[in-house]
$ cat start.cif   # mmCIF, C-alpha atoms
data_query
#
loop_
_atom_site.label_atom_id
_atom_site.label_comp_id
_atom_site.auth_asym_id
_atom_site.auth_seq_id
_atom_site.Cartn_x
_atom_site.Cartn_y
_atom_site.Cartn_z
CA MET A 18 -71.51 39.75 -5.07
CA PRO A 19 -69.84 36.33 -5.24
CA SER A 20 -66.05 36.46 -5.15
CA LYS A 21 -65.80 34.56 -8.45
CA LEU A 22 -67.56 37.39 -10.27
CA ILE A 23 -65.14 39.93 -8.80
CA ILE A 24 -62.23 37.85 -10.07
CA MET A 25 -63.83 37.64 -13.50
CA ARG A 26 -64.21 41.41 -13.59
CA ASN A 27 -60.58 41.81 -12.59
CA LYS A 28 -59.50 39.43 -15.35
CA ASN A 29 -61.44 41.47 -17.91
CA GLN A 30 -59.96 44.70 -16.62
CA ILE A 31 -56.48 43.22 -16.72
CA GLY A 32 -57.02 42.07 -20.30
CA THR A 33 -58.24 45.53 -21.37
CA ILE A 34 -55.44 47.40 -19.58
CA SER A 35 -52.83 45.06 -21.09
CA PHE A 36 -54.30 45.54 -24.56
CA VAL A 37 -54.33 49.34 -24.31
CA LEU A 38 -50.78 49.47 -22.92
CA THR A 39 -49.52 47.12 -25.67
CA ILE A 40 -51.04 49.33 -28.38
CA LEU A 41 -49.49 52.44 -26.79
CA ILE A 42 -46.03 50.84 -26.54
CA LEU A 43 -46.21 49.60 -30.14
CA LEU A 44 -47.30 53.02 -31.39
CA ALA A 45 -44.44 54.62 -29.47
CA ILE A 46 -41.92 52.19 -31.01
CA LEU A 47 -43.31 52.70 -34.52
CA GLN A 48 -43.41 56.47 -34.16
CA TYR A 49 -39.84 56.55 -32.85
CA VAL A 50 -38.56 54.35 -35.67
CA ASN A 51 -40.32 56.42 -38.35
CA PHE A 52 -39.56 59.89 -37.08
CA GLN A 53 -35.96 59.25 -36.17
CA SER A 54 -35.05 57.67 -39.47
CA SER A 55 -32.66 59.75 -41.50
CA PRO A 56 -30.49 58.29 -44.26
CA GLU A 57 -27.30 60.04 -43.18
CA LYS A 58 -27.33 58.15 -39.88
CA VAL A 59 -27.22 54.66 -41.46
CA ILE A 60 -24.23 52.45 -40.52
CA PRO A 61 -21.12 53.54 -42.46
CA ASP A 62 -19.90 51.07 -45.09
CA GLY A 63 -16.46 50.83 -43.51
CA ALA A 64 -17.71 49.14 -40.31
CA VAL A 65 -15.69 45.98 -39.59
CA GLU A 66 -17.30 42.88 -38.14
CA VAL A 67 -16.10 41.74 -34.72
CA LEU A 68 -15.03 38.24 -35.62
CA TRP A 69 -14.60 36.82 -32.12
CA VAL A 70 -18.22 37.73 -31.27
CA ASN A 71 -19.37 36.02 -34.48
CA TYR A 72 -17.35 32.88 -33.59
CA ILE A 73 -18.96 32.72 -30.15
CA ILE A 74 -22.42 33.07 -31.68
CA GLU A 75 -21.65 30.32 -34.23
CA ILE A 76 -20.38 27.98 -31.49
CA ILE A 77 -23.54 28.60 -29.39
CA VAL A 78 -25.76 27.93 -32.41
CA ALA A 79 -23.83 24.76 -33.37
CA PHE A 80 -24.02 23.30 -29.86
CA GLY A 81 -27.64 24.45 -29.55
CA THR A 82 -28.72 22.57 -32.67
CA ILE A 83 -26.84 19.45 -31.49
CA GLY A 84 -28.58 19.75 -28.09
CA LEU A 85 -32.04 20.12 -29.62
CA PHE A 86 -31.40 17.19 -31.98
CA SER A 87 -30.35 15.08 -28.98
CA ILE A 88 -33.48 16.04 -27.02
CA THR A 89 -35.60 15.03 -30.04
CA LEU A 90 -33.86 11.64 -30.14
CA ILE A 91 -34.43 11.20 -26.39
CA MET A 92 -38.13 12.04 -26.78
CA TYR A 93 -38.41 9.66 -29.75
CA ARG A 94 -36.93 6.80 -27.69
CA LYS A 95 -39.13 7.71 -24.73
CA PHE A 96 -42.33 7.67 -26.79
CA SER A 97 -41.29 4.41 -28.48
CA LYS A 98 -40.66 2.73 -25.14
CA SER A 99 -43.91 3.91 -23.56
CA GLU A 100 -46.09 3.38 -26.62
CA GLY A 101 -47.91 0.36 -25.16
CA GLN A 102 -48.85 2.39 -22.10
CA HIS A 103 -50.26 5.20 -24.26
CA GLN A 104 -52.28 2.73 -26.35
CA GLU A 105 -53.76 1.29 -23.15
CA VAL A 106 -54.85 4.77 -21.97
CA GLU A 107 -56.17 5.56 -25.46
CA LYS A 108 -58.38 2.45 -25.42
CA THR A 109 -59.85 3.01 -21.97
CA ALA A 110 -59.99 6.84 -22.03
CA ASN A 111 -63.30 8.60 -21.62
CA LYS A 112 -62.71 11.55 -23.95
CA SER A 113 -65.84 13.40 -22.86
CA SER A 114 -64.56 14.00 -19.37
CA LEU A 115 -62.45 17.16 -19.70
CA ILE A 116 -60.38 19.49 -17.57
CA GLU A 117 -59.56 23.12 -18.34
CA ARG A 118 -55.86 23.63 -19.06
CA PHE A 119 -55.55 26.92 -20.94
CA SER A 120 -57.45 30.20 -20.54
CA PRO A 121 -58.91 32.09 -23.56
CA ILE A 122 -56.14 34.70 -23.20
CA GLN A 123 -53.48 31.98 -23.42
CA ILE A 124 -55.21 30.50 -26.49
CA ILE A 125 -55.24 33.89 -28.24
CA VAL A 126 -51.63 34.72 -27.30
CA HIS A 127 -50.49 31.26 -28.50
CA ALA A 128 -52.29 31.74 -31.82
CA VAL A 129 -50.84 35.22 -32.44
CA THR A 130 -47.34 34.13 -31.35
CA GLY A 131 -47.53 30.97 -33.45
CA ILE A 132 -48.67 32.69 -36.65
CA SER A 133 -46.11 35.48 -36.17
CA ILE A 134 -43.17 33.15 -35.47
CA LEU A 135 -44.00 30.83 -38.37
CA THR A 136 -44.36 33.78 -40.77
CA LEU A 137 -41.00 35.06 -39.50
CA TYR A 138 -39.40 31.68 -40.31
CA LEU A 139 -41.00 31.54 -43.73
CA THR A 140 -39.78 35.02 -44.65
CA GLY A 141 -36.49 35.06 -42.70
CA ILE A 142 -34.85 31.62 -42.90
CA PRO A 143 -34.64 31.64 -46.76
CA LEU A 144 -32.46 34.79 -46.48
CA LEU A 145 -29.92 32.75 -44.47
CA TYR A 146 -29.73 29.93 -47.02
CA PRO A 147 -30.34 31.67 -50.37
CA GLU A 148 -28.83 28.88 -52.50
CA HIS A 149 -31.15 26.24 -51.00
CA LEU A 150 -34.28 28.24 -50.19
CA GLY A 151 -33.96 31.27 -52.48
CA TRP A 152 -37.04 30.17 -54.39
CA ILE A 153 -39.24 31.10 -51.41
CA THR A 154 -37.90 34.69 -51.39
CA ASP A 155 -38.33 34.85 -55.18
CA LEU A 156 -41.88 33.57 -54.84
CA ILE A 157 -42.88 36.17 -52.24
CA VAL A 158 -40.70 38.94 -53.84
CA LEU A 159 -37.98 40.41 -51.60
CA SER A 160 -39.61 43.78 -50.85
CA ARG A 161 -42.90 42.14 -49.86
CA ASN A 162 -40.92 39.49 -47.99
CA MET A 163 -39.30 42.08 -45.72
CA PHE A 164 -42.61 43.88 -45.22
CA LEU A 165 -44.22 40.60 -44.13
CA HIS A 166 -41.21 39.84 -41.91
CA ARG A 167 -41.51 43.18 -40.10
CA LEU A 168 -45.30 42.87 -39.82
CA ALA A 169 -44.92 39.41 -38.27
CA GLY A 170 -42.18 40.80 -36.03
CA LEU A 171 -44.62 43.42 -34.75
CA GLY A 172 -47.17 40.65 -34.14
CA LEU A 173 -44.65 38.71 -32.05
CA LEU A 174 -43.55 41.85 -30.21
CA SER A 175 -47.14 42.81 -29.41
CA ALA A 176 -47.95 39.29 -28.16
CA ALA A 177 -44.82 39.30 -25.97
CA ILE A 178 -45.53 42.77 -24.51
CA TYR A 179 -49.22 41.98 -23.98
CA TYR A 180 -48.60 38.69 -22.20
CA LEU A 181 -45.85 40.19 -20.04
CA ILE A 182 -48.12 43.04 -18.87
CA TYR A 183 -51.03 40.63 -18.42
CA THR A 184 -48.97 38.13 -16.38
CA VAL A 185 -47.52 40.82 -14.12
CA GLN A 186 -51.01 42.21 -13.39
CA TYR A 187 -52.53 38.74 -13.00
CA VAL A 188 -49.89 37.70 -10.46
CA LYS A 189 -50.33 40.98 -8.59
CA TYR A 190 -54.13 41.20 -8.48
CA VAL A 191 -55.69 37.78 -9.11
CA ASP A 192 -53.54 34.75 -8.35
CA LYS A 193 -50.10 35.01 -6.79
CA GLY A 194 -49.46 31.32 -7.45
CA PHE A 195 -49.96 31.70 -11.21
CA ALA A 196 -46.25 32.06 -11.99
CA LYS A 197 -45.17 29.01 -10.00
CA ASN A 198 -46.44 26.69 -12.75
CA ILE A 199 -43.80 27.89 -15.20
CA ILE A 200 -40.84 28.56 -12.92
CA PRO A 201 -38.19 25.84 -13.39
CA THR A 202 -37.55 23.83 -10.23
CA LEU A 203 -35.22 21.09 -9.04
CA THR A 204 -38.00 18.59 -9.80
CA ASP A 205 -37.75 19.51 -13.50
CA ILE A 206 -34.03 18.74 -13.58
CA LYS A 207 -34.77 15.42 -11.82
CA SER A 208 -37.54 14.69 -14.37
CA ALA A 209 -35.19 15.41 -17.28
CA ILE A 210 -32.52 13.09 -15.80
CA SER A 211 -35.22 10.49 -15.11
CA ASP A 212 -36.31 10.66 -18.78
CA ILE A 213 -32.71 10.15 -19.96
CA LEU A 214 -32.21 7.20 -17.57
CA PHE A 215 -35.52 5.70 -18.73
CA VAL A 216 -34.40 5.98 -22.37
CA LEU A 217 -31.08 4.33 -21.50
CA GLY A 218 -33.00 1.53 -19.81
CA LYS A 219 -31.49 2.18 -16.39
CA LYS A 220 -34.64 3.26 -14.60
CA GLU A 221 -38.36 2.56 -14.67
CA GLN A 222 -40.41 5.61 -15.55
CA LYS A 223 -42.11 7.27 -12.63
CA TYR A 224 -43.46 10.57 -13.77
CA GLU A 225 -44.96 13.09 -11.39
CA SER A 226 -45.46 16.37 -13.16
CA HIS A 227 -47.23 19.59 -12.24
CA LYS A 228 -49.15 21.61 -14.84
CA PHE A 229 -46.16 21.78 -17.18
CA ASN A 230 -43.44 19.13 -17.46
CA TRP A 231 -39.74 19.94 -17.90
CA LEU A 232 -39.84 19.96 -21.69
CA GLU A 233 -42.90 22.23 -21.78
CA LYS A 234 -41.09 24.64 -19.46
CA VAL A 235 -38.07 24.55 -21.79
CA ASP A 236 -40.49 25.39 -24.64
CA ILE A 237 -42.12 28.26 -22.74
CA TRP A 238 -38.82 29.82 -21.63
CA SER A 239 -37.10 29.36 -24.97
CA VAL A 240 -39.97 31.14 -26.73
CA ALA A 241 -40.02 33.87 -24.06
CA LEU A 242 -36.24 34.43 -23.95
CA PHE A 243 -35.13 33.59 -27.49
CA ASP A 244 -38.12 34.80 -29.51
CA GLY A 245 -39.84 37.27 -27.20
CA LEU A 246 -36.68 38.98 -25.93
CA ILE A 247 -33.52 38.33 -27.97
CA MET A 248 -35.10 38.08 -31.43
CA CYS A 249 -37.42 41.06 -30.87
CA VAL A 250 -34.66 43.30 -29.49
CA THR A 251 -32.11 42.34 -32.16
CA GLY A 252 -34.84 42.59 -34.82
CA VAL A 253 -35.68 46.17 -33.82
CA ILE A 254 -31.94 47.06 -33.82
CA ILE A 255 -31.48 45.62 -37.33
CA TRP A 256 -34.67 47.32 -38.49
CA ALA A 257 -33.45 50.78 -37.49
CA PRO A 258 -29.69 50.54 -36.83
CA TRP A 259 -29.18 54.31 -37.07
CA LEU A 260 -31.18 54.73 -33.86
CA PHE A 261 -28.74 52.61 -31.91
CA SER A 262 -25.45 53.65 -33.50
CA SER A 263 -24.85 56.15 -30.69
CA LEU A 264 -25.42 53.41 -28.07
CA ILE A 265 -23.75 50.40 -29.69
CA PRO A 266 -20.52 50.47 -31.76
CA THR A 267 -21.36 49.94 -35.44
CA SER A 268 -19.16 46.83 -35.64
CA TYR A 269 -21.24 45.20 -32.92
CA ILE A 270 -24.44 46.08 -34.77
CA LEU A 271 -23.13 43.91 -37.62
CA SER A 272 -22.61 41.09 -35.11
CA ILE A 273 -26.19 41.56 -33.93
CA ASN A 274 -27.22 40.72 -37.49
CA VAL A 275 -25.32 37.42 -37.17
CA LEU A 276 -26.89 36.83 -33.75
CA HIS A 277 -30.39 37.42 -35.15
CA GLY A 278 -29.85 34.88 -37.94
CA GLY A 279 -28.12 32.28 -35.76
CA PHE A 280 -30.70 32.39 -33.01
CA ALA A 281 -33.47 32.23 -35.63
CA VAL A 282 -32.10 28.82 -36.65
CA LEU A 283 -31.99 27.73 -33.01
CA SER A 284 -35.52 28.99 -32.50
CA LEU A 285 -36.75 27.07 -35.57
CA CYS A 286 -35.11 23.88 -34.25
CA GLY A 287 -36.85 24.45 -30.90
CA ILE A 288 -40.23 24.91 -32.61
CA LEU A 289 -39.68 21.75 -34.70
CA LEU A 290 -39.02 19.85 -31.47
CA HIS A 291 -42.19 21.39 -29.96
CA PHE A 292 -44.19 20.43 -33.06
CA TYR A 293 -42.86 16.87 -32.88
CA VAL A 294 -43.55 16.37 -29.17
CA VAL A 295 -46.99 17.99 -29.18
CA HIS A 296 -48.46 16.87 -32.51
CA LEU A 297 -46.39 14.34 -34.41
CA THR A 298 -45.80 11.63 -31.81
CA PRO A 299 -47.77 8.48 -32.73
CA HIS A 300 -50.27 8.80 -29.84
CA ARG A 301 -51.11 12.41 -30.73
CA PHE A 302 -50.82 12.32 -34.52
CA PRO A 303 -52.01 14.26 -36.52
CA MET A 304 -52.87 17.04 -34.12
CA ASP A 305 -53.48 17.81 -30.46
CA PHE A 306 -56.22 20.41 -30.11
CA SER A 307 -55.83 21.17 -26.39
CA ILE A 308 -54.16 24.59 -26.92
CA PHE A 309 -57.09 25.58 -29.18
CA THR A 310 -59.99 24.21 -27.14
CA GLY A 311 -58.33 24.99 -23.81
CA THR A 312 -59.22 21.55 -22.44
CA VAL A 313 -57.64 18.10 -22.16
CA PRO A 314 -59.26 14.73 -21.44
CA LEU A 315 -59.15 14.16 -17.68
CA GLN A 316 -57.67 10.68 -17.97
CA GLU A 317 -54.83 11.91 -20.17
CA ALA A 318 -54.13 14.72 -17.70
CA GLU A 319 -54.13 12.26 -14.80
CA GLU A 320 -51.50 10.22 -16.59
CA GLU A 321 -49.28 13.09 -17.75
CA TYR A 322 -49.76 15.73 -15.03
CA PRO A 323 -50.88 13.84 -11.89
CA LEU A 324 -49.76 16.51 -9.39
CA TRP A 325 -51.65 19.25 -11.25
CA VAL A 326 -54.87 17.20 -11.46
CA LYS A 327 -54.59 16.45 -7.74
CA GLU A 328 -54.05 20.16 -6.99
CA VAL A 329 -57.09 21.17 -9.08
CA GLY A 330 -59.15 18.45 -7.36
CA ASP A 331 -58.10 19.69 -3.91
CA LYS A 332 -58.99 23.30 -4.79
CA SER A 333 -62.42 22.46 -6.15
CA MET B 22 -47.78 3.50 -40.46
CA ILE B 23 -48.77 7.08 -41.31
CA LYS B 24 -48.71 7.89 -37.58
CA ARG B 25 -44.95 7.38 -37.56
CA ILE B 26 -44.15 9.69 -40.46
CA GLY B 27 -43.52 12.69 -38.19
CA THR B 28 -40.41 11.22 -36.56
CA PRO B 29 -38.19 10.81 -39.65
CA ILE B 30 -39.33 14.14 -41.13
CA VAL B 31 -38.47 16.11 -37.99
CA LEU B 32 -35.23 14.21 -37.42
CA VAL B 33 -34.09 14.76 -41.02
CA SER B 34 -34.74 18.50 -40.86
CA LEU B 35 -33.07 18.86 -37.45
CA LEU B 36 -30.08 16.81 -38.61
CA THR B 37 -29.74 19.10 -41.63
CA PHE B 38 -29.47 22.13 -39.34
CA VAL B 39 -26.87 20.29 -37.23
CA LEU B 40 -24.80 19.51 -40.35
CA VAL B 41 -25.04 23.05 -41.70
CA GLU B 42 -24.42 24.90 -38.44
CA THR B 43 -21.45 22.72 -37.47
CA ASN B 44 -20.03 23.24 -41.00
CA ILE B 45 -19.80 19.46 -41.56
CA LEU B 46 -21.82 19.74 -44.75
CA THR B 47 -23.08 23.05 -46.11
CA THR B 48 -23.86 22.35 -49.77
CA GLY B 49 -25.39 19.60 -51.83
CA ILE B 50 -28.70 17.98 -52.56
CA ILE B 51 -29.02 16.45 -49.05
CA ILE B 52 -28.88 19.89 -47.43
CA THR B 53 -31.29 21.35 -49.98
CA ILE B 54 -33.80 18.55 -49.33
CA GLY B 55 -33.41 18.83 -45.55
CA LEU B 56 -33.90 22.60 -45.47
CA ASN B 57 -36.89 22.40 -47.80
CA VAL B 58 -38.42 19.69 -45.59
CA ALA B 59 -37.98 22.04 -42.61
CA MET B 60 -39.77 24.81 -44.49
CA LEU B 61 -42.49 22.35 -45.50
CA LEU B 62 -42.97 21.60 -41.80
CA VAL B 63 -43.30 25.34 -41.14
CA VAL B 64 -46.04 25.58 -43.78
CA ILE B 65 -47.80 22.51 -42.27
CA GLN B 66 -47.63 24.17 -38.86
CA ILE B 67 -49.22 27.35 -40.25
CA LEU B 68 -52.07 25.27 -41.73
CA ALA B 69 -52.46 23.35 -38.45
CA LEU B 70 -52.59 26.63 -36.52
CA LEU B 71 -55.26 28.03 -38.84
CA LEU B 72 -57.29 24.86 -38.40
CA GLY B 73 -56.92 25.13 -34.62
CA ILE B 74 -57.80 28.83 -34.61
CA LYS B 75 -61.00 27.98 -36.52
CA ARG B 76 -61.96 25.61 -33.71
CA SER B 77 -61.06 28.21 -31.05
CA LEU B 78 -63.22 30.81 -32.77
CA GLY B 79 -66.12 28.33 -32.78
CA ILE B 80 -65.78 27.90 -29.01
CA PHE B 81 -65.41 31.66 -28.41
CA ASN B 82 -68.52 32.24 -30.51
CA LYS B 83 -70.50 29.78 -28.37
CA MET B 84 -69.19 31.50 -25.20
CA GLU B 85 -70.25 34.85 -26.59
CA GLN B 86 -73.76 33.61 -27.39
CA SER B 87 -74.19 31.91 -24.04
CA PRO B 88 -71.98 33.20 -21.18
CA LEU B 89 -72.55 29.97 -19.22
CA TYR B 90 -71.17 27.81 -22.03
CA SER B 91 -68.02 25.89 -21.19
CA PRO B 92 -66.41 23.02 -23.13
CA VAL B 93 -65.72 21.27 -19.81
CA ARG B 94 -69.43 21.41 -18.85
CA GLU B 95 -70.46 20.26 -22.32
CA GLY B 96 -68.04 17.33 -22.02
CA PHE B 97 -69.42 16.50 -18.57
CA ILE B 98 -73.02 16.48 -19.85
CA HIS B 99 -71.93 14.34 -22.79
CA SER B 100 -70.18 11.83 -20.50
CA GLN B 101 -73.29 11.68 -18.26
CA LYS B 102 -75.41 10.86 -21.30
CA GLU B 103 -72.92 8.18 -22.34
CA GLU B 104 -73.11 6.58 -18.89
CA GLN B 105 -76.92 6.49 -19.03
#
$ encode --input "start.cif" --output "structure tokens"
Amino acid sequence: MPSKLIIMRNKNQIGTISFVLTILILLAILQYVNFQSSPEKVIPDGAVEVLWVNYIIEIIVAFGTIGLFSITLIMYRKFSKSEGQHQEVEKTANKSSLIERFSPIQIIVHAVTGISILTLYLTGIPLLYPEHLGWITDLIVLSRNMFLHRLAGLGLLSAAIYYLIYTVQYVKYVDKGFAKNIIPTLTDIKSAISDILFVLGKKEQKYESHKFNWLEKVDIWSVALFDGLIMCVTGVIIWAPWLFSSLIPTSYILSINVLHGGFAVLSLCGILLHFYVVHLTPHRFPMDFSIFTGTVPLQEAEEEYPLWVKEVGDKS
Amino acid sequence: MIKRIGTPIVLVSLLTFVLVETNILTTGIIITIGLNVAMLLVVIQILALLLGIKRSLGIFNKMEQSPLYSPVREGFIHSQKEEQ
């Protein structure tokens, strides 16, 4: 049997095992939350917020939003300065010649994560700014709003658990080099500095990127750490605080509420930046379909990810 | 012109979050507009995702019907035809 077929079978097995394990973990979480819930264990009213923790969270969120706004400005200047180059590629590009960039599993996980996160924003952010966005909560009705929020939270949690299990198995059984594409390296820091210097007009742009550039890695890790880990964990704690009151002091559980809201704002700013860079820049407007079709035009890939295209060429 | 509309929209909504979270400006019509623009962008993203998922499902359906189907191969055949 050709080795490629064996790999394909392994991929299918990995997908199935990951799916089954994800369902089991989700069922376990849901069962635990439901069966352990008892009204007398809810946080007592007298719990006092730990103000210094809240201040730290607010400072992180404030600096985070400033940082993300600055990165957006840098990317705007970068795209403005290199617009002529993009137009040149656009004119000469042969759009029929494609290269595979995302696997079907990645496409599905992106879709589930995307829908879940966006639903979470739509149902969660209005609760943080009721005087400005209260009409959205009124429109959905609060009880339904929270149901949708938790449902979307489960969607995000399942996508995060599934992809974690899948990646671990994939790296172990199929391709050990799979993870190296997303691990931040010194080259990424150099690329980020190079972008800033290019924007400031102090350096000519010389971009040599692997499969994902520095900003895409920031996107991947911010979604994995902020949304997949911090938001999911804090979300589950807020959902059923009585389960954790023996582990975490009640005052800190109140701070976790602040953390959940603050990091939700940071996460939304990160997704807005992602949306801008991927879809709303003039050369990609109105939409880039590569995450949905799994392919990108070869010429575009050669321009944006030359080291990855070379690596794929060498392998094949 | 329409291609450039994304930049001001995203910058306005991000700037609103900066103003609110740094407590420089937390109330007023500017903040209300900025936050609502951000939520409008979220709704646009949901619609864009649904549109993209529709295309993905089309490709998955073709792969299901014919296991040898691949968008890369289809593109290659198309480019060969164009060259001829």
$ interface_residues --input "start.cif" --of "chain A" --to "chain B" --cutoff "6 Å" --atoms "only C-alpha atoms" --output "mmCIF file with C-alpha atoms, in the coordinates of the input"
data_model
loop_
_atom_site.group_PDB
_atom_site.id
_atom_site.type_symbol
_atom_site.label_atom_id
_atom_site.label_comp_id
_atom_site.auth_asym_id
_atom_site.auth_seq_id
_atom_site.Cartn_x
_atom_site.Cartn_y
_atom_site.Cartn_z
ATOM 1 C CA ALA A 79 -23.830 24.760 -33.370
ATOM 2 C CA THR A 82 -28.720 22.570 -32.670
ATOM 3 C CA ILE A 83 -26.840 19.450 -31.490
ATOM 4 C CA PHE A 86 -31.400 17.190 -31.980
ATOM 5 C CA SER A 113 -65.840 13.400 -22.860
ATOM 6 C CA SER A 114 -64.560 14.000 -19.370
ATOM 7 C CA LEU A 115 -62.450 17.160 -19.700
ATOM 8 C CA HIS A 149 -31.150 26.240 -51.000
ATOM 9 C CA LEU A 297 -46.390 14.340 -34.410
ATOM 10 C CA PRO A 299 -47.770 8.480 -32.730
ATOM 11 C CA PHE A 302 -50.820 12.320 -34.520
ATOM 12 C CA PHE A 309 -57.090 25.580 -29.180
ATOM 13 C CA THR A 310 -59.990 24.210 -27.140
#
$ atom_distance --input "start.cif" --atom1 "atom CA of A:Ile46" --atom2 "atom CA of A:Leu173"
13.8 Å
$ atom_distance --input "start.cif" --atom1 "atom CA of A:Ser87" --atom2 "atom CA of A:Glu319"
27.8 Å
$ atom_distance --input "start.cif" --atom1 "atom CA of A:Ile40" --atom2 "atom CA of A:Leu159"
28.1 Å
$ closest_residue --input "start.cif" --among "A:Val275, A:Leu85, A:Tyr49, A:Phe164" --to "A:Phe261" --atoms "all atoms listed in the file"
A:Tyr49
$ resolve_selection --input "start.cif" --expression "the PyMOL selection byres ((chain A and resi 93) around 10)" --output "list in words"
Ser87, Ile88, Thr89, Leu90, Ile91, Met92, Arg94, Lys95, Phe96, Ser97, Lys98, Val216, Tyr293, Val294, Thr298 and Pro299 of chain A; Thr28, Pro29 and Leu32 of chain B
$ residues_near_point --input "start.cif" --point "(-14.0, 47.1, -36.1)" --cutoff "10 Å" --atoms "only C-alpha atoms" --output "PDB file with C-alpha atoms, in the coordinates of the input"
ATOM      1  CA  GLY A  63     -16.460  50.830 -43.510  1.00  0.00           C
ATOM      2  CA  ALA A  64     -17.710  49.140 -40.310  1.00  0.00           C
ATOM      3  CA  VAL A  65     -15.690  45.980 -39.590  1.00  0.00           C
ATOM      4  CA  GLU A  66     -17.300  42.880 -38.140  1.00  0.00           C
ATOM      5  CA  VAL A  67     -16.100  41.740 -34.720  1.00  0.00           C
ATOM      6  CA  LEU A  68     -15.030  38.240 -35.620  1.00  0.00           C
ATOM      7  CA  PRO A 266     -20.520  50.470 -31.760  1.00  0.00           C
ATOM      8  CA  THR A 267     -21.360  49.940 -35.440  1.00  0.00           C
ATOM      9  CA  SER A 268     -19.160  46.830 -35.640  1.00  0.00           C
ATOM     10  CA  TYR A 269     -21.240  45.200 -32.920  1.00  0.00           C
ATOM     11  CA  LEU A 271     -23.130  43.910 -37.620  1.00  0.00           C
TER      12      LEU A 271
END
$ resolve_selection --input "start.cif" --expression "the PyMOL selection byres ((chain A and resi 130) around 9)" --output "ChimeraX atom specification"
/A:125-129,131-135,172-177
$ resolve_selection --input "start.cif" --expression "the PyMOL selection byres ((chain A and resi 253) around 12)" --output "compact mmCIF listing (two decimals) with C-alpha atoms, keeping the file's coordinate frame"
# COMPACT_ATOMS: atom_id res chain seq x y z
CA LEU A 43 -46.21 49.60 -30.14
CA ILE A 46 -41.92 52.19 -31.01
CA LEU A 47 -43.31 52.70 -34.52
CA TYR A 49 -39.84 56.55 -32.85
CA VAL A 50 -38.56 54.35 -35.67
CA HIS A 166 -41.21 39.84 -41.91
CA ARG A 167 -41.51 43.18 -40.10
CA LEU A 168 -45.30 42.87 -39.82
CA GLY A 170 -42.18 40.80 -36.03
CA LEU A 171 -44.62 43.42 -34.75
CA LEU A 173 -44.65 38.71 -32.05
CA LEU A 174 -43.55 41.85 -30.21
CA GLY A 245 -39.84 37.27 -27.20
CA LEU A 246 -36.68 38.98 -25.93
CA ILE A 247 -33.52 38.33 -27.97
CA MET A 248 -35.10 38.08 -31.43
CA CYS A 249 -37.42 41.06 -30.87
CA VAL A 250 -34.66 43.30 -29.49
CA THR A 251 -32.11 42.34 -32.16
CA GLY A 252 -34.84 42.59 -34.82
CA ILE A 254 -31.94 47.06 -33.82
CA ILE A 255 -31.48 45.62 -37.33
CA TRP A 256 -34.67 47.32 -38.49
CA ALA A 257 -33.45 50.78 -37.49
CA PRO A 258 -29.69 50.54 -36.83
CA TRP A 259 -29.18 54.31 -37.07
CA LEU A 260 -31.18 54.73 -33.86
CA PHE A 261 -28.74 52.61 -31.91
CA ILE A 270 -24.44 46.08 -34.77
CA ILE A 273 -26.19 41.56 -33.93
CA ASN A 274 -27.22 40.72 -37.49
CA HIS A 277 -30.39 37.42 -35.15
$ closest_residue --input "start.cif" --among "A:Ile199, A:Ile116, A:Leu289, A:Val158" --to "A:Val329" --atoms "only C-alpha atoms"
A:Ile116
